[in-house]
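Report on one structure; see the data block that follows.
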Amino acid sequence: MTVQENNADKFEVKNGSITMDIYPRKGENFTYDAMKAAIVKWANQSDLSYDTYNSSGNEQPIYLSNLNGYWGCAIDGKKIGFPTTMLLLVDPQYADISFYIWVSYSAEYYNDVLQILKSFEPM
C-alpha cells in the first residue's frame, strides 16, 4: 500500500484494491451509545449506504466490546458500488482518544480487510 496522506488529521493508504483512511480524534470521551450515534452520523454524512443488518445477520452498527483491547463500533455498507467498512475505535484506558477508520475495497479482498481491521492494538 502507498501512503497518500499522513498528517495530524488524516492517514490514508491505498493500492489498486483497498483504500484505508484513519482519522484520529481527541476529546470525545465516548460511551457505548455515543459511539453508535457518532458512527451512524459519520455514515450518513459520508453517504454510505448500509442495511439495518449486515451480511452476517448482525444489527448495525455492530458493537465490538474487545477488539485487541479497543472498544469499537462498525458499519458495513457500500459507497459508489464498493464494499466499505467504517470502524470507530476507542482505547478504554484513554477514552478521550478515538480513531475513525474507513476502508473501501474490492469484494474479493474482504478477508484481507478483516485482518487489517482486527490488527489494530492500543499502544
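Residues are named by chain letter and number: chains run A, B, ... in the order of the C-alpha cells, numbers start at 1 in each chain, and ligands are numbered from 1 in the order shown.
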
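By only C-alpha atoms, and with residues fewer than 4 positions from Gln93 (chain A) along its chain excluded, the set lying at most 12 Å from it is Asn29, Phe30, Gly69, Tyr70, Trp71, Ile97, Ser98, Pro122 and Met123 of chain A.
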
Kindly export the residues of the current selection with all heavy atoms, as a PDB file, in the first residue's frame.
```pdb
ATOM      1  N   ASN A  29     -14.592  11.388  24.459  1.00  0.00           N
ATOM      2  CA  ASN A  29     -14.962  10.626  25.667  1.00  0.00           C
ATOM      3  C   ASN A  29     -16.245   9.821  25.478  1.00  0.00           C
ATOM      4  O   ASN A  29     -17.248  10.046  26.145  1.00  0.00           O
ATOM      5  CB  ASN A  29     -15.095  11.567  26.863  1.00  0.00           C
ATOM      6  CG  ASN A  29     -13.773  12.171  27.231  1.00  0.00           C
ATOM      7  OD1 ASN A  29     -12.788  11.465  27.427  1.00  0.00           O
ATOM      8  ND2 ASN A  29     -13.719  13.491  27.298  1.00  0.00           N
ATOM      9  N   PHE A  30     -16.204   8.881  24.564  1.00  0.00           N
ATOM     10  CA  PHE A  30     -17.382   8.133  24.172  1.00  0.00           C
ATOM     11  C   PHE A  30     -17.893   7.153  25.210  1.00  0.00           C
ATOM     12  O   PHE A  30     -17.129   6.447  25.841  1.00  0.00           O
ATOM     13  CB  PHE A  30     -17.099   7.328  22.895  1.00  0.00           C
ATOM     14  CG  PHE A  30     -17.076   8.144  21.660  1.00  0.00           C
ATOM     15  CD1 PHE A  30     -15.929   8.231  20.901  1.00  0.00           C
ATOM     16  CD2 PHE A  30     -18.205   8.813  21.229  1.00  0.00           C
ATOM     17  CE1 PHE A  30     -15.902   8.972  19.733  1.00  0.00           C
ATOM     18  CE2 PHE A  30     -18.196   9.564  20.065  1.00  0.00           C
ATOM     19  CZ  PHE A  30     -17.046   9.637  19.318  1.00  0.00           C
ATOM     20  N   GLY A  69      -8.255  -5.026  22.776  1.00  0.00           N
ATOM     21  CA  GLY A  69      -8.163  -4.033  23.831  1.00  0.00           C
ATOM     22  C   GLY A  69      -8.896  -2.743  23.536  1.00  0.00           C
ATOM     23  O   GLY A  69      -9.026  -1.894  24.405  1.00  0.00           O
ATOM     24  N   TYR A  70      -9.374  -2.576  22.323  1.00  0.00           N
ATOM     25  CA  TYR A  70     -10.176  -1.403  21.972  1.00  0.00           C
ATOM     26  C   TYR A  70     -11.662  -1.715  22.132  1.00  0.00           C
ATOM     27  O   TYR A  70     -12.094  -2.859  21.982  1.00  0.00           O
ATOM     28  CB  TYR A  70      -9.977  -1.011  20.495  1.00  0.00           C
ATOM     29  CG  TYR A  70      -8.760  -0.212  20.197  1.00  0.00           C
ATOM     30  CD1 TYR A  70      -7.769  -0.716  19.357  1.00  0.00           C
ATOM     31  CD2 TYR A  70      -8.595   1.069  20.699  1.00  0.00           C
ATOM     32  CE1 TYR A  70      -6.646   0.039  19.040  1.00  0.00           C
ATOM     33  CE2 TYR A  70      -7.485   1.824  20.389  1.00  0.00           C
ATOM     34  CZ  TYR A  70      -6.512   1.302  19.560  1.00  0.00           C
ATOM     35  OH  TYR A  70      -5.413   2.045  19.244  1.00  0.00           O
ATOM     36  N   TRP A  71     -12.452  -0.673  22.391  1.00  0.00           N
ATOM     37  CA  TRP A  71     -13.891  -0.736  22.184  1.00  0.00           C
ATOM     38  C   TRP A  71     -14.099  -0.320  20.746  1.00  0.00           C
ATOM     39  O   TRP A  71     -13.342   0.489  20.205  1.00  0.00           O
ATOM     40  CB  TRP A  71     -14.615   0.256  23.059  1.00  0.00           C
ATOM     41  CG  TRP A  71     -14.552   0.022  24.525  1.00  0.00           C
ATOM     42  CD1 TRP A  71     -14.354  -1.161  25.180  1.00  0.00           C
ATOM     43  CD2 TRP A  71     -14.698   1.018  25.537  1.00  0.00           C
ATOM     44  NE1 TRP A  71     -14.375  -0.961  26.534  1.00  0.00           N
ATOM     45  CE2 TRP A  71     -14.587   0.371  26.781  1.00  0.00           C
ATOM     46  CE3 TRP A  71     -14.925   2.389  25.505  1.00  0.00           C
ATOM     47  CZ2 TRP A  71     -14.691   1.055  27.979  1.00  0.00           C
ATOM     48  CZ3 TRP A  71     -15.026   3.071  26.701  1.00  0.00           C
ATOM     49  CH2 TRP A  71     -14.912   2.405  27.920  1.00  0.00           C
ATOM     50  N   ILE A  97      -9.423   9.581  23.416  1.00  0.00           N
ATOM     51  CA  ILE A  97      -8.760   9.390  22.121  1.00  0.00           C
ATOM     52  C   ILE A  97      -9.541   8.350  21.329  1.00  0.00           C
ATOM     53  O   ILE A  97      -9.843   7.267  21.828  1.00  0.00           O
ATOM     54  CB  ILE A  97      -7.300   8.931  22.301  1.00  0.00           C
ATOM     55  CG1 ILE A  97      -6.500   9.996  23.050  1.00  0.00           C
ATOM     56  CG2 ILE A  97      -6.658   8.629  20.947  1.00  0.00           C
ATOM     57  CD1 ILE A  97      -5.103   9.557  23.437  1.00  0.00           C
ATOM     58  N   SER A  98      -9.892   8.697  20.096  1.00  0.00           N
ATOM     59  CA  SER A  98     -10.621   7.770  19.238  1.00  0.00           C
ATOM     60  C   SER A  98     -10.046   7.803  17.829  1.00  0.00           C
ATOM     61  O   SER A  98      -9.328   8.728  17.460  1.00  0.00           O
ATOM     62  CB  SER A  98     -12.111   8.116  19.224  1.00  0.00           C
ATOM     63  OG  SER A  98     -12.307   9.462  18.852  1.00  0.00           O
ATOM     64  N   PRO A 122      -4.004  -1.070  20.985  1.00  0.00           N
ATOM     65  CA  PRO A 122      -3.558   0.123  21.718  1.00  0.00           C
ATOM     66  C   PRO A 122      -2.048   0.089  21.916  1.00  0.00           C
ATOM     67  O   PRO A 122      -1.448  -0.972  22.043  1.00  0.00           O
ATOM     68  CB  PRO A 122      -4.284   0.024  23.051  1.00  0.00           C
ATOM     69  CG  PRO A 122      -5.431  -0.894  22.794  1.00  0.00           C
ATOM     70  CD  PRO A 122      -4.967  -1.844  21.731  1.00  0.00           C
ATOM     71  N   MET A 123      -1.463   1.276  21.940  1.00  0.00           N
ATOM     72  CA  MET A 123      -0.005   1.365  22.121  1.00  0.00           C
ATOM     73  C   MET A 123       0.347   1.262  23.587  1.00  0.00           C
ATOM     74  O   MET A 123      -0.335   1.558  24.459  1.00  0.00           O
ATOM     75  CB  MET A 123       0.519   2.671  21.563  1.00  0.00           C
ATOM     76  CG  MET A 123       0.356   2.696  20.066  1.00  0.00           C
ATOM     77  SD  MET A 123       0.776   4.272  19.296  1.00  0.00           S
ATOM     78  CE  MET A 123       2.501   4.418  19.614  1.00  0.00           C
TER      79      MET A 123
END
```

* region 57-62 of chain A environment, 6 Å, only C-alpha atoms, sequence neighbours closer than 5 positions dropped, as a list in words ->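 Those residues are Thr52, Cys73, Ala74 and Ile75 of chain A.
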
* Between CA of Ser17 (chain A) and CA of Ala37 (chain A) - distance in Å to one decimal ->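 Between these atoms lies a distance of 29.4 Å.
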
* To do: Apply DSSP to the structure's backbone, then extract all residues of region 4-85 of chain A labelled strand (DSSP E) and return them as number ranges by chain.
  => A: 4-6, 11-14, 18-26, 62-67, 70-79, 82-85

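Once Tyr23 (chain A) and its same-chain neighbours fewer than 6 positions away are set aside, Asp9, Lys10, Phe11, Phe99, Tyr100 and Ile101 of chain A remain within 7 Å of it when counting only C-alpha atoms.
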
Go ahead and save the residues from that selection, with N, CA and C atoms, as a PDB file, in the first residue's frame.
```
ATOM      1  N   ASP A   9      -4.350  15.094  10.993  1.00  0.00           N
ATOM      2  CA  ASP A   9      -5.788  14.961  10.766  1.00  0.00           C
ATOM      3  C   ASP A   9      -6.184  13.688  10.036  1.00  0.00           C
ATOM      4  N   LYS A  10      -5.255  13.137   9.241  1.00  0.00           N
ATOM      5  CA  LYS A  10      -5.625  12.012   8.392  1.00  0.00           C
ATOM      6  C   LYS A  10      -4.404  11.200   7.980  1.00  0.00           C
ATOM      7  N   PHE A  11      -4.595   9.879   7.985  1.00  0.00           N
ATOM      8  CA  PHE A  11      -3.621   8.953   7.429  1.00  0.00           C
ATOM      9  C   PHE A  11      -4.360   8.156   6.372  1.00  0.00           C
ATOM     10  N   PHE A  99     -10.374   6.775  17.080  1.00  0.00           N
ATOM     11  CA  PHE A  99      -9.912   6.646  15.698  1.00  0.00           C
ATOM     12  C   PHE A  99     -11.096   6.267  14.821  1.00  0.00           C
ATOM     13  N   TYR A 100     -11.368   7.077  13.828  1.00  0.00           N
ATOM     14  CA  TYR A 100     -12.378   6.782  12.830  1.00  0.00           C
ATOM     15  C   TYR A 100     -11.641   6.162  11.644  1.00  0.00           C
ATOM     16  N   ILE A 101     -12.045   4.965  11.250  1.00  0.00           N
ATOM     17  CA  ILE A 101     -11.344   4.230  10.194  1.00  0.00           C
ATOM     18  C   ILE A 101     -12.330   3.902   9.075  1.00  0.00           C
TER      19      ILE A 101
END
```

Going by DSSP on the backbone, which residues of chain A come out as helix (DSSP H, G or I)? List them as a PDB file with N, CA and C atoms, in the first residue's frame.
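To be explicit, this is the file written out as states37.pdb:
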```pdb
ATOM      1  N   TYR A  32     -20.852   3.876  25.091  1.00  0.00           N
ATOM      2  CA  TYR A  32     -21.292   2.961  24.044  1.00  0.00           C
ATOM      3  C   TYR A  32     -22.351   3.615  23.157  1.00  0.00           C
ATOM      4  N   ASP A  33     -23.360   4.221  23.759  1.00  0.00           N
ATOM      5  CA  ASP A  33     -24.415   4.854  22.968  1.00  0.00           C
ATOM      6  C   ASP A  33     -23.878   6.002  22.120  1.00  0.00           C
ATOM      7  N   ALA A  34     -22.941   6.756  22.667  1.00  0.00           N
ATOM      8  CA  ALA A  34     -22.352   7.869  21.913  1.00  0.00           C
ATOM      9  C   ALA A  34     -21.531   7.360  20.734  1.00  0.00           C
ATOM     10  N   MET A  35     -20.853   6.220  20.912  1.00  0.00           N
ATOM     11  CA  MET A  35     -20.091   5.629  19.802  1.00  0.00           C
ATOM     12  C   MET A  35     -21.036   5.256  18.670  1.00  0.00           C
ATOM     13  N   LYS A  36     -22.145   4.607  19.005  1.00  0.00           N
ATOM     14  CA  LYS A  36     -23.122   4.216  17.987  1.00  0.00           C
ATOM     15  C   LYS A  36     -23.659   5.443  17.260  1.00  0.00           C
ATOM     16  N   ALA A  37     -24.011   6.470  18.006  1.00  0.00           N
ATOM     17  CA  ALA A  37     -24.544   7.689  17.394  1.00  0.00           C
ATOM     18  C   ALA A  37     -23.503   8.356  16.494  1.00  0.00           C
ATOM     19  N   ALA A  38     -22.247   8.371  16.936  1.00  0.00           N
ATOM     20  CA  ALA A  38     -21.182   9.016  16.158  1.00  0.00           C
ATOM     21  C   ALA A  38     -20.915   8.289  14.843  1.00  0.00           C
ATOM     22  N   ILE A  39     -20.894   6.972  14.865  1.00  0.00           N
ATOM     23  CA  ILE A  39     -20.592   6.244  13.625  1.00  0.00           C
ATOM     24  C   ILE A  39     -21.777   6.310  12.660  1.00  0.00           C
ATOM     25  N   VAL A  40     -22.999   6.314  13.178  1.00  0.00           N
ATOM     26  CA  VAL A  40     -24.175   6.469  12.316  1.00  0.00           C
ATOM     27  C   VAL A  40     -24.166   7.857  11.677  1.00  0.00           C
ATOM     28  N   LYS A  41     -23.834   8.867  12.461  1.00  0.00           N
ATOM     29  CA  LYS A  41     -23.750  10.229  11.919  1.00  0.00           C
ATOM     30  C   LYS A  41     -22.696  10.304  10.818  1.00  0.00           C
ATOM     31  N   TRP A  42     -21.524   9.702  11.062  1.00  0.00           N
ATOM     32  CA  TRP A  42     -20.458   9.700  10.073  1.00  0.00           C
ATOM     33  C   TRP A  42     -20.904   8.959   8.806  1.00  0.00           C
ATOM     34  N   ALA A  43     -21.557   7.824   8.968  1.00  0.00           N
ATOM     35  CA  ALA A  43     -22.038   7.063   7.807  1.00  0.00           C
ATOM     36  C   ALA A  43     -23.017   7.900   6.987  1.00  0.00           C
ATOM     37  N   ASN A  44     -23.912   8.585   7.663  1.00  0.00           N
ATOM     38  CA  ASN A  44     -24.885   9.417   6.951  1.00  0.00           C
ATOM     39  C   ASN A  44     -24.216  10.600   6.254  1.00  0.00           C
ATOM     40  N   GLN A  45     -23.259  11.251   6.926  1.00  0.00           N
ATOM     41  CA  GLN A  45     -22.533  12.371   6.317  1.00  0.00           C
ATOM     42  C   GLN A  45     -21.716  11.920   5.109  1.00  0.00           C
ATOM     43  N   PRO A  92     -10.145   2.093  25.942  1.00  0.00           N
ATOM     44  CA  PRO A  92     -10.812   2.340  27.216  1.00  0.00           C
ATOM     45  C   PRO A  92      -9.895   2.951  28.278  1.00  0.00           C
ATOM     46  N   GLN A  93      -8.586   2.799  28.121  1.00  0.00           N
ATOM     47  CA  GLN A  93      -7.630   3.414  29.047  1.00  0.00           C
ATOM     48  C   GLN A  93      -7.538   4.925  28.829  1.00  0.00           C
ATOM     49  N   TYR A  94      -7.784   5.354  27.601  1.00  0.00           N
ATOM     50  CA  TYR A  94      -7.718   6.764  27.217  1.00  0.00           C
ATOM     51  C   TYR A  94      -8.957   7.095  26.391  1.00  0.00           C
ATOM     52  N   ALA A 107     -14.472  -6.494  -3.537  1.00  0.00           N
ATOM     53  CA  ALA A 107     -15.120  -7.555  -2.762  1.00  0.00           C
ATOM     54  C   ALA A 107     -14.222  -8.762  -2.489  1.00  0.00           C
ATOM     55  N   GLU A 108     -13.363  -9.104  -3.436  1.00  0.00           N
ATOM     56  CA  GLU A 108     -12.513 -10.290  -3.245  1.00  0.00           C
ATOM     57  C   GLU A 108     -11.443 -10.087  -2.167  1.00  0.00           C
ATOM     58  N   TYR A 109     -11.297  -8.868  -1.660  1.00  0.00           N
ATOM     59  CA  TYR A 109     -10.305  -8.582  -0.623  1.00  0.00           C
ATOM     60  C   TYR A 109     -10.930  -8.473   0.776  1.00  0.00           C
ATOM     61  N   TYR A 110     -12.149  -8.969   0.926  1.00  0.00           N
ATOM     62  CA  TYR A 110     -12.847  -8.897   2.207  1.00  0.00           C
ATOM     63  C   TYR A 110     -12.024  -9.492   3.349  1.00  0.00           C
ATOM     64  N   ASN A 111     -11.465 -10.687   3.155  1.00  0.00           N
ATOM     65  CA  ASN A 111     -10.689 -11.337   4.228  1.00  0.00           C
ATOM     66  C   ASN A 111      -9.439 -10.547   4.584  1.00  0.00           C
ATOM     67  N   ASP A 112      -8.802  -9.939   3.601  1.00  0.00           N
ATOM     68  CA  ASP A 112      -7.632  -9.098   3.870  1.00  0.00           C
ATOM     69  C   ASP A 112      -8.029  -7.883   4.702  1.00  0.00           C
ATOM     70  N   VAL A 113      -9.146  -7.271   4.341  1.00  0.00           N
ATOM     71  CA  VAL A 113      -9.634  -6.099   5.074  1.00  0.00           C
ATOM     72  C   VAL A 113      -9.977  -6.485   6.504  1.00  0.00           C
ATOM     73  N   LEU A 114     -10.601  -7.633   6.677  1.00  0.00           N
ATOM     74  CA  LEU A 114     -10.941  -8.109   8.017  1.00  0.00           C
ATOM     75  C   LEU A 114      -9.679  -8.280   8.862  1.00  0.00           C
ATOM     76  N   GLN A 115      -8.634  -8.830   8.285  1.00  0.00           N
ATOM     77  CA  GLN A 115      -7.358  -8.970   9.009  1.00  0.00           C
ATOM     78  C   GLN A 115      -6.786  -7.607   9.381  1.00  0.00           C
ATOM     79  N   ILE A 116      -6.845  -6.655   8.474  1.00  0.00           N
ATOM     80  CA  ILE A 116      -6.342  -5.306   8.757  1.00  0.00           C
ATOM     81  C   ILE A 116      -7.111  -4.696   9.929  1.00  0.00           C
ATOM     82  N   LEU A 117      -8.436  -4.770   9.875  1.00  0.00           N
ATOM     83  CA  LEU A 117      -9.255  -4.166  10.912  1.00  0.00           C
ATOM     84  C   LEU A 117      -9.077  -4.841  12.269  1.00  0.00           C
ATOM     85  N   LYS A 118      -8.782  -6.127  12.267  1.00  0.00           N
ATOM     86  CA  LYS A 118      -8.564  -6.853  13.517  1.00  0.00           C
ATOM     87  C   LYS A 118      -7.151  -6.671  14.051  1.00  0.00           C
TER      88      LYS A 118
END
```

* Asked: Which one is closest to Asp21 (chain A): A:Asp96, A:Glu121, A:Glu5, A:Asp91? Count only C-alpha atoms.
  ->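 Ranked by minimum distance to Asp21 (chain A), first place goes to A:Glu5.
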
* One decimal, Å: what's the distance from CA of Leu87 (chain A) over to CA of Thr2 (chain A), could you say? => 20.8 Å

* To do: May I ask for the distance between CA of Leu88 (chain A) and CA of Gly72 (chain A), given in Å to one decimal place?
  =>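 So the answer is 5.4 Å.
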